>>> print(open('upload.txt').read())   # compact mmCIF, C-alpha atoms
# COMPACT_ATOMS: atom_id res chain seq x y z
CA MET H 15 52.30 -99.75 -63.03
CA ALA H 16 49.10 -101.59 -62.15
CA LEU H 17 46.16 -101.19 -64.44
CA GLN H 18 43.14 -99.54 -62.88
CA THR H 19 39.65 -100.66 -63.80
CA PRO H 20 37.63 -97.59 -64.72
CA VAL H 21 34.01 -97.29 -63.80
CA SER H 22 32.13 -97.72 -67.06
CA SER H 23 28.49 -97.52 -67.97
CA SER H 24 26.51 -99.76 -70.26
CA ASP H 25 24.82 -96.72 -71.75
CA PRO H 26 26.21 -95.37 -75.04
CA PRO H 27 28.16 -92.11 -75.00
CA VAL H 28 25.82 -89.19 -75.57
CA ASP H 29 26.59 -85.90 -77.26
CA PRO H 30 25.41 -82.51 -75.89
CA ALA H 31 22.29 -82.75 -78.07
CA GLY H 32 21.32 -85.93 -76.26
CA GLU H 33 21.86 -88.30 -79.19
CA PRO H 34 24.44 -91.13 -78.99
CA LEU H 35 27.12 -91.16 -81.64
CA ALA H 36 27.93 -94.82 -81.21
CA ARG H 37 26.41 -97.73 -79.43
CA ARG H 38 29.12 -99.60 -77.55
CA ARG H 39 28.33 -102.75 -75.61
CA TYR H 40 30.85 -104.92 -73.85
CA PRO H 41 29.66 -108.40 -72.94
CA THR H 42 28.91 -109.31 -69.38
CA SER H 43 30.63 -112.18 -67.66
CA SER H 44 27.81 -114.48 -68.74
CA ASP H 45 28.31 -113.50 -72.39
CA GLY H 46 31.99 -114.39 -72.43
CA PRO H 47 35.18 -112.40 -72.87
CA GLY H 48 34.67 -111.58 -76.53
CA ARG H 49 36.73 -112.65 -79.52
CA ILE H 50 40.48 -112.17 -79.82
CA THR H 51 42.44 -112.80 -83.01
CA VAL H 52 46.20 -112.47 -83.29
CA ASN H 53 48.11 -112.37 -86.57
CA GLY H 54 51.88 -112.42 -86.77
CA LYS H 55 55.00 -114.51 -86.99
CA LEU H 56 55.57 -117.31 -84.52
CA ASP H 57 58.74 -119.39 -84.80
CA GLY H 58 59.47 -117.70 -88.13
CA ARG H 59 56.13 -118.64 -89.68
CA PHE H 60 53.04 -116.45 -90.11
CA ARG H 61 50.19 -117.60 -87.90
CA GLU H 62 46.60 -116.56 -87.25
CA LEU H 63 45.31 -117.66 -83.86
CA ASP H 64 42.02 -117.16 -82.04
CA ASP H 65 40.78 -117.04 -78.46
CA GLU H 66 42.95 -118.60 -75.74
CA ALA H 67 45.54 -119.91 -78.18
CA ALA H 68 46.01 -116.37 -79.45
CA LEU H 69 46.35 -114.96 -75.94
CA ASP H 70 48.90 -117.61 -75.00
CA ALA H 71 51.00 -117.10 -78.14
CA LEU H 72 50.95 -113.27 -78.04
CA PRO H 73 53.97 -112.83 -75.70
CA ARG H 74 56.08 -115.15 -77.84
CA MET H 75 55.05 -113.32 -81.03
CA LEU H 76 56.15 -110.04 -79.50
CA ARG H 77 59.57 -111.54 -78.69
CA GLU H 78 60.16 -112.57 -82.31
CA PRO H 79 62.93 -110.70 -84.19
CA ASP H 80 61.34 -107.60 -85.79
CA PRO H 81 57.85 -108.44 -84.51
CA CYS H 82 54.86 -107.42 -86.60
CA VAL H 83 51.69 -108.42 -84.76
CA TRP H 84 48.05 -107.49 -85.17
CA VAL H 85 45.86 -108.02 -82.11
CA ASP H 86 42.14 -107.69 -82.84
CA LEU H 87 39.56 -107.61 -80.02
CA ALA H 88 35.91 -107.85 -81.04
CA GLY H 89 33.35 -107.03 -78.35
CA PRO H 90 35.83 -107.74 -75.53
CA SER H 91 35.02 -107.76 -71.85
CA PRO H 92 36.94 -105.35 -69.59
CA ASP H 93 38.92 -108.27 -68.19
CA ARG H 94 39.99 -109.33 -71.68
CA VAL H 95 41.05 -105.78 -72.55
CA GLU H 96 43.13 -105.51 -69.39
CA SER H 97 44.77 -108.90 -69.89
CA VAL H 98 45.87 -107.92 -73.40
CA ALA H 99 46.94 -104.50 -72.13
CA ARG H 100 49.27 -106.11 -69.61
CA VAL H 101 50.96 -108.16 -72.30
CA LEU H 102 51.34 -105.15 -74.60
CA GLY H 103 52.33 -102.79 -71.80
CA LEU H 104 49.65 -100.21 -72.53
CA HIS H 105 49.40 -97.05 -70.49
CA PRO H 106 46.44 -97.06 -68.04
CA LEU H 107 44.99 -93.93 -69.66
CA ILE H 108 44.75 -95.73 -73.00
CA VAL H 109 43.03 -98.68 -71.33
CA GLU H 110 40.60 -96.31 -69.65
CA ASP H 111 39.74 -94.60 -72.95
CA VAL H 112 39.23 -97.95 -74.67
CA LEU H 113 36.90 -99.20 -71.97
CA GLU H 114 34.86 -96.03 -71.56
CA GLY H 115 34.54 -95.20 -75.25
CA ASN H 116 34.77 -91.76 -76.82
CA GLN H 117 32.38 -89.38 -78.50
CA ARG H 118 34.84 -87.99 -81.00
CA ALA H 119 37.48 -89.28 -83.39
CA LYS H 120 40.91 -88.36 -82.08
CA ILE H 121 44.62 -89.14 -82.05
CA GLU H 122 46.76 -89.06 -78.91
CA THR H 123 50.34 -90.01 -78.16
CA THR H 124 50.73 -91.52 -74.69
CA ASP H 125 53.86 -93.12 -73.32
CA GLY H 126 55.28 -93.51 -76.83
CA LEU H 127 52.09 -95.21 -78.12
CA VAL H 128 49.71 -93.76 -80.69
CA HIS H 129 46.05 -94.11 -79.78
CA ILE H 130 43.56 -93.40 -82.57
CA VAL H 131 39.76 -93.43 -82.38
CA LEU H 132 37.72 -93.73 -85.58
CA PHE H 133 34.07 -94.39 -86.30
CA ALA H 134 32.90 -96.82 -88.98
CA LEU H 135 29.43 -96.03 -90.23
CA ASP H 136 26.98 -98.85 -90.77
CA ARG H 137 25.49 -98.09 -94.17
CA ASP H 138 22.52 -100.38 -93.44
CA SER H 139 21.52 -98.38 -90.37
CA SER H 140 20.80 -94.69 -89.91
CA ASP H 141 21.80 -94.32 -86.27
CA ILE H 142 24.77 -96.59 -85.57
CA ALA H 143 28.46 -95.69 -85.78
CA ASN H 144 30.87 -98.38 -84.64
CA GLU H 145 33.71 -97.02 -82.54
CA ILE H 146 37.16 -98.39 -83.37
CA ASP H 147 40.12 -97.94 -81.04
CA LEU H 148 43.51 -98.45 -82.65
CA VAL H 149 46.71 -98.51 -80.61
CA LEU H 150 49.97 -98.47 -82.54
CA GLY H 151 53.03 -99.64 -80.65
CA LYS H 152 56.48 -100.84 -81.54
CA GLY H 153 55.91 -104.01 -83.56
CA TYR H 154 52.17 -104.32 -82.99
CA LEU H 155 48.77 -102.85 -83.76
CA LEU H 156 45.85 -103.32 -81.39
CA THR H 157 42.29 -102.84 -82.65
CA VAL H 158 39.29 -102.86 -80.32
CA HIS H 159 35.78 -102.61 -81.70
CA ASP H 160 32.22 -103.84 -81.41
CA ALA H 161 31.50 -107.38 -82.53
CA GLY H 162 29.22 -106.08 -85.28
CA TRP H 163 32.13 -104.65 -87.28
CA ASP H 164 34.76 -106.86 -88.91
CA PRO H 165 37.99 -105.26 -90.18
CA ARG H 166 38.65 -108.33 -92.32
CA GLY H 167 35.82 -107.19 -94.56
CA SER H 168 38.15 -104.46 -95.80
CA HIS H 169 38.90 -104.56 -99.50
CA HIS H 170 42.59 -104.26 -98.59
CA LEU H 171 42.41 -107.47 -96.57
CA ARG H 172 40.37 -109.53 -99.01
CA ASP H 173 43.52 -111.44 -100.01
CA GLY H 174 44.42 -112.09 -96.38
CA VAL H 175 46.21 -110.26 -93.61
CA GLU H 176 49.75 -111.48 -94.30
CA PRO H 177 50.47 -109.38 -97.46
CA ILE H 178 49.47 -106.15 -95.68
CA LEU H 179 51.07 -107.03 -92.36
CA ALA H 180 54.32 -107.92 -94.12
CA GLU H 181 54.65 -104.21 -94.98
CA GLY H 182 54.51 -103.28 -91.30
CA VAL H 183 51.92 -102.54 -88.67
CA ASP H 184 51.77 -98.90 -89.79
CA HIS H 185 50.75 -100.13 -93.25
CA LEU H 186 48.00 -102.21 -91.64
CA LEU H 187 46.89 -99.06 -89.80
CA TRP H 188 46.63 -97.32 -93.16
CA ALA H 189 44.62 -100.21 -94.64
CA ILE H 190 42.05 -100.14 -91.84
CA GLY H 191 41.82 -96.34 -91.79
CA ASP H 192 41.45 -96.18 -95.56
CA ASP H 193 38.61 -98.70 -95.48
CA VAL H 194 36.82 -96.79 -92.70
CA VAL H 195 37.02 -93.51 -94.62
CA ASP H 196 36.01 -95.16 -97.91
CA GLY H 197 32.95 -96.48 -96.10
CA TYR H 198 31.78 -92.92 -95.48
CA PHE H 199 31.29 -92.18 -99.18
CA PRO H 200 28.44 -94.64 -99.95
CA TYR H 201 26.74 -93.42 -96.78
CA ALA H 202 27.17 -89.77 -97.84
CA ASP H 203 26.02 -90.54 -101.40
CA ARG H 204 22.87 -92.14 -100.03
CA LEU H 205 22.24 -89.00 -98.00
CA GLY H 206 22.70 -86.86 -101.10
CA ASP H 207 20.20 -88.95 -103.08
CA ALA H 208 17.72 -88.78 -100.21
CA ILE H 209 18.07 -84.98 -100.01
CA ASP H 210 17.38 -84.74 -103.77
CA GLU H 211 14.22 -86.82 -103.33
CA VAL H 212 13.04 -84.64 -100.45
CA GLN H 213 13.68 -81.50 -102.50
CA ASP H 214 11.49 -82.85 -105.30
CA ALA H 215 8.80 -83.79 -102.77
CA VAL H 216 8.89 -80.29 -101.26
CA ILE H 217 8.36 -78.74 -104.68
CA ARG H 218 5.46 -81.09 -105.45
CA THR H 219 3.72 -80.96 -102.10
CA ALA H 220 4.88 -79.42 -98.84
CA ASN H 221 3.19 -81.62 -96.25
CA PRO H 222 4.14 -82.67 -92.68
CA GLN H 223 5.40 -86.08 -93.88
CA THR H 224 7.93 -84.37 -96.15
CA LEU H 225 9.04 -82.17 -93.26
CA GLU H 226 9.56 -85.24 -91.07
CA ARG H 227 11.73 -86.85 -93.75
CA LEU H 228 13.75 -83.65 -94.05
CA PHE H 229 14.42 -83.43 -90.31
CA ALA H 230 15.36 -87.13 -90.22
CA LEU H 231 17.93 -86.47 -92.94
CA LYS H 232 19.30 -83.47 -91.07
CA ARG H 233 19.77 -85.61 -87.94
CA GLU H 234 21.49 -88.30 -89.97
CA LEU H 235 23.71 -85.70 -91.60
CA ILE H 236 24.74 -84.45 -88.15
CA LEU H 237 25.63 -88.03 -87.21
CA VAL H 238 27.87 -88.43 -90.26
CA ARG H 239 29.56 -85.08 -89.64
CA ARG H 240 30.28 -85.93 -85.99
CA ALA H 241 31.85 -89.20 -87.07
CA ALA H 242 33.77 -87.96 -90.11
CA SER H 243 34.77 -84.35 -89.50
CA PRO H 244 37.23 -84.98 -86.60
CA THR H 245 38.82 -87.70 -88.75
CA ARG H 246 40.30 -84.93 -90.85
CA GLU H 247 42.45 -83.75 -87.95
CA VAL H 248 43.48 -87.33 -87.16
CA PHE H 249 45.02 -87.93 -90.56
CA ASN H 250 46.33 -84.39 -90.74
CA GLN H 251 48.45 -85.12 -87.67
CA LEU H 252 49.51 -88.49 -89.04
CA THR H 253 50.87 -86.78 -92.16
CA ASN H 254 52.47 -83.76 -90.46
CA ARG H 255 53.72 -84.96 -87.08
CA GLU H 256 57.01 -86.80 -86.76
CA LEU H 257 55.93 -90.10 -85.24
CA THR H 258 58.69 -92.66 -84.84
CA LEU H 259 56.18 -95.49 -85.15
CA ILE H 260 55.17 -94.35 -88.66
CA ASP H 261 57.60 -95.13 -91.45
CA PRO H 262 58.25 -91.96 -93.52
CA GLU H 263 57.48 -93.97 -96.65
CA GLU H 264 53.96 -94.58 -95.27
CA ILE H 265 53.19 -90.87 -95.01
CA VAL H 266 52.10 -90.73 -98.65
CA TYR H 267 49.46 -93.38 -97.93
CA PHE H 268 48.04 -91.46 -94.98
CA ARG H 269 48.09 -88.28 -97.07
CA ASP H 270 45.86 -90.04 -99.59
CA ILE H 271 43.34 -90.76 -96.81
CA TYR H 272 43.59 -87.13 -95.73
CA ASP H 273 42.69 -86.00 -99.25
CA HIS H 274 39.67 -88.31 -99.20
CA VAL H 275 38.53 -86.90 -95.87
CA ILE H 276 38.81 -83.34 -97.18
CA ARG H 277 36.64 -84.24 -100.17
CA LEU H 278 34.16 -85.96 -97.88
CA THR H 279 33.86 -83.02 -95.49
CA ASP H 280 33.32 -80.70 -98.47
CA GLU H 281 30.50 -82.93 -99.68
CA LEU H 282 28.95 -83.02 -96.21
CA ASP H 283 29.09 -79.23 -96.03
CA ASN H 284 27.30 -79.06 -99.37
CA TYR H 285 24.66 -81.50 -98.17
CA ARG H 286 24.16 -79.47 -95.01
CA GLU H 287 23.59 -76.34 -97.09
CA LEU H 288 21.20 -78.23 -99.35
CA ALA H 289 19.23 -79.49 -96.35
CA ALA H 290 19.04 -75.96 -94.91
CA SER H 291 17.95 -74.51 -98.25
CA THR H 292 15.38 -77.29 -98.62
CA LEU H 293 13.88 -76.29 -95.28
CA ASP H 294 13.72 -72.68 -96.51
CA VAL H 295 11.98 -73.85 -99.67
CA TYR H 296 9.51 -75.84 -97.56
CA LEU H 297 8.65 -72.78 -95.48
CA THR H 298 8.31 -70.71 -98.65
CA GLN H 299 5.99 -73.31 -100.16
CA VAL H 300 3.85 -73.30 -97.01
CA ASN H 301 3.61 -69.50 -97.12
CA ASN H 302 2.75 -69.58 -100.82
CA ASN H 303 0.03 -72.17 -100.21
CA LEU H 304 -1.37 -70.03 -97.42
CA SER H 305 -1.40 -67.00 -99.72
CA ILE H 306 -3.25 -68.97 -102.38
CA ILE H 307 -5.86 -70.09 -99.86
CA MET H 308 -6.33 -66.53 -98.62
CA LYS H 309 -6.75 -65.28 -102.19
CA ARG H 310 -9.36 -67.91 -102.91
CA LEU H 311 -11.23 -67.14 -99.72
CA THR H 312 -11.13 -63.44 -100.64
CA GLY H 313 -12.50 -64.20 -104.09
CA VAL H 314 -15.37 -66.24 -102.65
CA THR H 315 -16.06 -63.42 -100.18
CA VAL H 316 -16.27 -60.89 -103.04
CA ILE H 317 -18.79 -63.04 -104.89
CA LEU H 318 -20.94 -63.63 -101.82
CA ALA H 319 -20.72 -59.95 -100.87
CA GLY H 320 -22.07 -58.95 -104.30
CA ILE H 321 -24.97 -61.39 -103.98
CA GLY H 322 -25.67 -60.15 -100.45
CA ALA H 323 -25.63 -56.50 -101.56
CA VAL H 324 -28.22 -57.08 -104.28
CA ALA H 325 -30.39 -59.12 -101.97
CA GLY H 326 -30.16 -56.45 -99.30
CA ILE H 327 -31.13 -53.64 -101.66
CA PHE H 328 -34.18 -55.24 -103.18
CA GLY H 329 -35.18 -57.38 -100.20
CA MET H 330 -36.22 -60.99 -100.28
CA SER H 331 -39.20 -60.87 -97.96
CA GLU H 332 -41.55 -61.37 -100.89
CA ALA H 333 -39.74 -64.47 -102.17
CA GLY H 334 -42.43 -66.82 -100.91
CA THR H 335 -45.30 -65.02 -102.70
CA ALA H 336 -43.21 -64.68 -105.84
CA LEU H 337 -42.61 -68.41 -105.97
CA ALA H 338 -46.35 -68.92 -105.45
CA GLY H 339 -47.09 -66.85 -108.54
CA ALA H 340 -48.50 -63.86 -106.67
CA GLU H 341 -45.54 -61.67 -107.56
CA GLY H 342 -44.57 -60.33 -110.94
CA GLY H 343 -41.44 -61.18 -112.94
CA GLY H 344 -39.33 -58.61 -111.09
CA PHE H 345 -38.11 -61.21 -108.59
CA TRP H 346 -36.86 -63.47 -111.31
CA ALA H 347 -35.25 -60.54 -113.10
CA ILE H 348 -33.37 -59.50 -109.97
CA THR H 349 -32.38 -63.11 -109.35
CA ALA H 350 -31.03 -63.40 -112.90
CA VAL H 351 -29.09 -60.15 -112.53
CA THR H 352 -27.63 -61.39 -109.21
CA VAL H 353 -26.53 -64.67 -110.76
CA ALA H 354 -25.03 -62.83 -113.73
CA ILE H 355 -23.09 -60.53 -111.42
CA ALA H 356 -21.81 -63.52 -109.44
CA VAL H 357 -20.76 -65.37 -112.61
CA GLY H 358 -19.07 -62.25 -114.00
CA ALA H 359 -17.19 -61.68 -110.76
CA ALA H 360 -16.13 -65.34 -110.71
CA LEU H 361 -14.80 -65.10 -114.27
CA ILE H 362 -12.87 -61.93 -113.50
CA LEU H 363 -11.38 -63.43 -110.33
CA ARG H 364 -10.58 -66.64 -112.17
CA ARG H 365 -8.67 -64.74 -114.84
CA ALA H 366 -6.79 -62.88 -112.11
CA GLY H 367 -5.84 -66.20 -110.52
CA TRP H 368 -7.67 -65.63 -107.26
CA ILE H 369 -9.95 -68.67 -107.50
>>> encode(input="upload.txt", output="structure tokens")
Amino acid sequence: MALQTPVSSSDPPVDPAGEPLARRRYPTSSDGPGRITVNGKLDGRFRELDDEAALDALPRMLREPDPCVWVDLAGPSPDRVESVARVLGLHPLIVEDVLEGNQRAKIETTDGLVHIVLFALDRDSSDIANEIDLVLGKGYLLTVHDAGWDPRGSHHLRDGVEPILAEGVDHLLWAIGDDVVDGYFPYADRLGDAIDEVQDAVIRTANPQTLERLFALKRELILVRRAASPTREVFNQLTNRELTLIDPEEIVYFRDIYDHVIRLTDELDNYRELAASTLDVYLTQVNNNLSIIMKRLTGVTVILAGIGAVAGIFGMSEAGTALAGAEGGGFWAITAVTVAIAVGAALILRRAGWI
């Protein structure tokens, strides 16, 4: 079956809220075809090949007895993806999904192949999630991702690819998936610390800057949930479905990832509740501050009303002559009484907490 080239856009996939979950960019023809790395046995010896040498050796690696090959495409062009797909015999629907990108982590079985989509969060950035397409076939694992993410940075692969790949391509799938999920926790912990700081700031002073920080955290929390929450179903199916490409002995490893995802989603739910409650506290603080201001304005009004009442009763039209000495001491007596009343009212209101 001939592979069809899907019509793809250079824009990132956008969720219904209008915010992209991941930024995916394939190079143009002027940028090159991207990087390809192939790991596996060739002529009975483990080899790691790059670029054209890797593409040339891939068919021979797949013809080895009991092949165990990892094909990694970093920032590939559509032509490079299709050329590798022809060698691996991928279904056109899988190729289409890889080229177009997805908005949600998922697992699909097509033509006997397992296609998994995960998102690796960049802990140094608040708005980027790297999409990773993993295709598990008989004797090989294909990974397609942006050039900014390197699976060899996984702590499972720090000693090299060969020890993991020797256990099978399904074990390599576990290693990559485990590293992706483990990468969510530092990101989530940073969100938790940031929410704690915003809560303290809301208690100290509820100002617009604090509200902006709170809404930024809520948006970031939504990003993490969209990337991580569907991952739970992915590993749930890997542990419960009978997939011939997954060794039964590997199920316990995927179940461990599933347990981690459950714990992560619980933490994210807690953070979401904390963010919502923090917004409620902010609104309560604003209302309390408004009440305090109204009480103070009322207290000042009471004091000024008392002064105005005394002045209205006795009249102040003779103030000029009194200051000139033509008036008796009555003016000054009334003035003293007015000031005393104002001071007394201020003390009473102060004790009541109104000013």
>>> residues_near_point(input="upload.txt", point="(43.0, -86.8, -95.3)", cutoff="12 Å", atoms="only C-alpha atoms", output="PyMOL selection string")
chain H and resi 188+191-192+195-196+242-254+265-280
>>> atom_distance(input="upload.txt", atom1="atom CA of H:Ile130", atom2="atom CA of H:Pro79")
26.0 Å
>>> closest_residue(input="upload.txt", among="H:Leu257, H:Ala241, H:Leu288, H:Leu76", to="H:His129", atoms="only C-alpha atoms")
H:Leu257
>>> closest_residue(input="upload.txt", among="H:Tyr154, H:Trp368, H:Tyr296, H:Phe133", to="H:Asp184", atoms="only C-alpha atoms")
H:Tyr154
>>> atom_distance(input="upload.txt", atom1="atom CA of H:Gln213", atom2="atom CA of H:Arg240")
23.8 Å
>>> residues_around(input="upload.txt", residues="H:Val212", least_positions_apart="6", cutoff="9 Å", atoms="only C-alpha atoms", output="mmCIF file with C-alpha atoms, in the frame of the given file")
data_model
loop_
_atom_site.group_PDB
_atom_site.id
_atom_site.type_symbol
_atom_site.label_atom_id
_atom_site.label_comp_id
_atom_site.auth_asym_id
_atom_site.auth_seq_id
_atom_site.Cartn_x
_atom_site.Cartn_y
_atom_site.Cartn_z
ATOM 1 C CA THR H 224 7.930 -84.370 -96.150
ATOM 2 C CA LEU H 225 9.040 -82.170 -93.260
ATOM 3 C CA ARG H 227 11.730 -86.850 -93.750
ATOM 4 C CA LEU H 228 13.750 -83.650 -94.050
ATOM 5 C CA THR H 292 15.380 -77.290 -98.620
#
>>> atom_distance(input="upload.txt", atom1="atom CA of H:Arg74", atom2="atom CA of H:Leu56")
7.0 Å
>>> closest_residue(input="upload.txt", among="H:Leu231, H:Ile260, H:Met75, H:Val128", to="H:Gly182", atoms="all atoms listed in the file")
H:Ile260
>>> residues_around(input="upload.txt", residues="H:Arg94", least_positions_apart="2", cutoff="10 Å", atoms="only C-alpha atoms", output="PyMOL selection string")
chain H and resi 46-50+69+87+89-92+96-99
>>> write_last_selection(input="upload.txt", atoms="C-alpha atoms", output="tab-separated table (two decimals), in the coordinates of the input")
chain	number	residue	atom	x	y	z
H	46	GLY	CA	31.99	-114.39	-72.43
H	47	PRO	CA	35.18	-112.40	-72.87
H	48	GLY	CA	34.67	-111.58	-76.53
H	49	ARG	CA	36.73	-112.65	-79.52
H	50	ILE	CA	40.48	-112.17	-79.82
H	69	LEU	CA	46.35	-114.96	-75.94
H	87	LEU	CA	39.56	-107.61	-80.02
H	89	GLY	CA	33.35	-107.03	-78.35
H	90	PRO	CA	35.83	-107.74	-75.53
H	91	SER	CA	35.02	-107.76	-71.85
H	92	PRO	CA	36.94	-105.35	-69.59
H	96	GLU	CA	43.13	-105.51	-69.39
H	97	SER	CA	44.77	-108.90	-69.89
H	98	VAL	CA	45.87	-107.92	-73.40
H	99	ALA	CA	46.94	-104.50	-72.13
>>> closest_atom_pairs(input="upload.txt", of="stretch 113-171 of chain H", to="stretch 101-105 of chain H", cutoff="10 Å", atoms="only C-alpha atoms", output="CSV")
residue,atom,partner,partner_atom,distance
H:Thr124,CA,H:His105,CA,7.1
H:Asp125,CA,H:His105,CA,6.6
H:Gly126,CA,H:His105,CA,9.3
H:Leu127,CA,H:Leu104,CA,7.9
H:Val149,CA,H:Leu104,CA,8.8
H:Gly151,CA,H:Leu102,CA,8.4
H:Lys152,CA,H:Leu102,CA,9.7
H:Tyr154,CA,H:Leu102,CA,8.5
H:Leu155,CA,H:Leu102,CA,9.8
H:Leu156,CA,H:Leu102,CA,8.9
>>> residues_around(input="upload.txt", residues="H:Glu62", least_positions_apart="6", cutoff="9 Å", atoms="only C-alpha atoms", output="ChimeraX atom specification")
/H:51-55,68,175
>>> closest_residue(input="upload.txt", among="H:Val95, H:Val324, H:Ile317, H:Val300", to="H:Arg364", atoms="only C-alpha atoms")
H:Ile317
>>> residues_around(input="upload.txt", residues="H:Pro177", least_positions_apart="3", cutoff="12 Å", atoms="only C-alpha atoms", output="PDB file with C-alpha atoms, in the coordinates of the input")
ATOM      1  CA  ASN H  53      48.110-112.370 -86.570  1.00  0.00           C
ATOM      2  CA  GLY H  54      51.880-112.420 -86.770  1.00  0.00           C
ATOM      3  CA  PHE H  60      53.040-116.450 -90.110  1.00  0.00           C
ATOM      4  CA  CYS H  82      54.860-107.420 -86.600  1.00  0.00           C
ATOM      5  CA  HIS H 170      42.590-104.260 -98.590  1.00  0.00           C
ATOM      6  CA  LEU H 171      42.410-107.470 -96.570  1.00  0.00           C
ATOM      7  CA  ARG H 172      40.370-109.530 -99.010  1.00  0.00           C
ATOM      8  CA  ASP H 173      43.520-111.440-100.010  1.00  0.00           C
ATOM      9  CA  GLY H 174      44.420-112.090 -96.380  1.00  0.00           C
ATOM     10  CA  ALA H 180      54.320-107.920 -94.120  1.00  0.00           C
ATOM     11  CA  GLU H 181      54.650-104.210 -94.980  1.00  0.00           C
ATOM     12  CA  GLY H 182      54.510-103.280 -91.300  1.00  0.00           C
ATOM     13  CA  VAL H 183      51.920-102.540 -88.670  1.00  0.00           C
ATOM     14  CA  HIS H 185      50.750-100.130 -93.250  1.00  0.00           C
ATOM     15  CA  LEU H 186      48.000-102.210 -91.640  1.00  0.00           C
ATOM     16  CA  ALA H 189      44.620-100.210 -94.640  1.00  0.00           C
TER      17      ALA H 189
END
>>> residues_around(input="upload.txt", residues="H:Val112", least_positions_apart="5", cutoff="9 Å", atoms="all atoms listed in the file", output="PyMOL selection string")
chain H and resi 95+107+131+146-147+158
>>> closest_residue(input="upload.txt", among="H:Ala230, H:Ala323, H:Ile217, H:Ala88", to="H:Asn302", atoms="all atoms listed in the file")
H:Ile217
>>> closest_residue(input="upload.txt", among="H:Ala220, H:Met308, H:Ile209, H:Leu148", to="H:Ala290", atoms="all atoms listed in the file")
H:Ile209
>>> axis_aligned_box(input="upload.txt", around="stretch 255-265 of chain H", padding_each_side="8 Å", output="JSON")
{"center_x": 55.9, "center_y": -90.2, "center_z": -90.7, "size_x": 21.5, "size_y": 26.5, "size_z": 27.8}
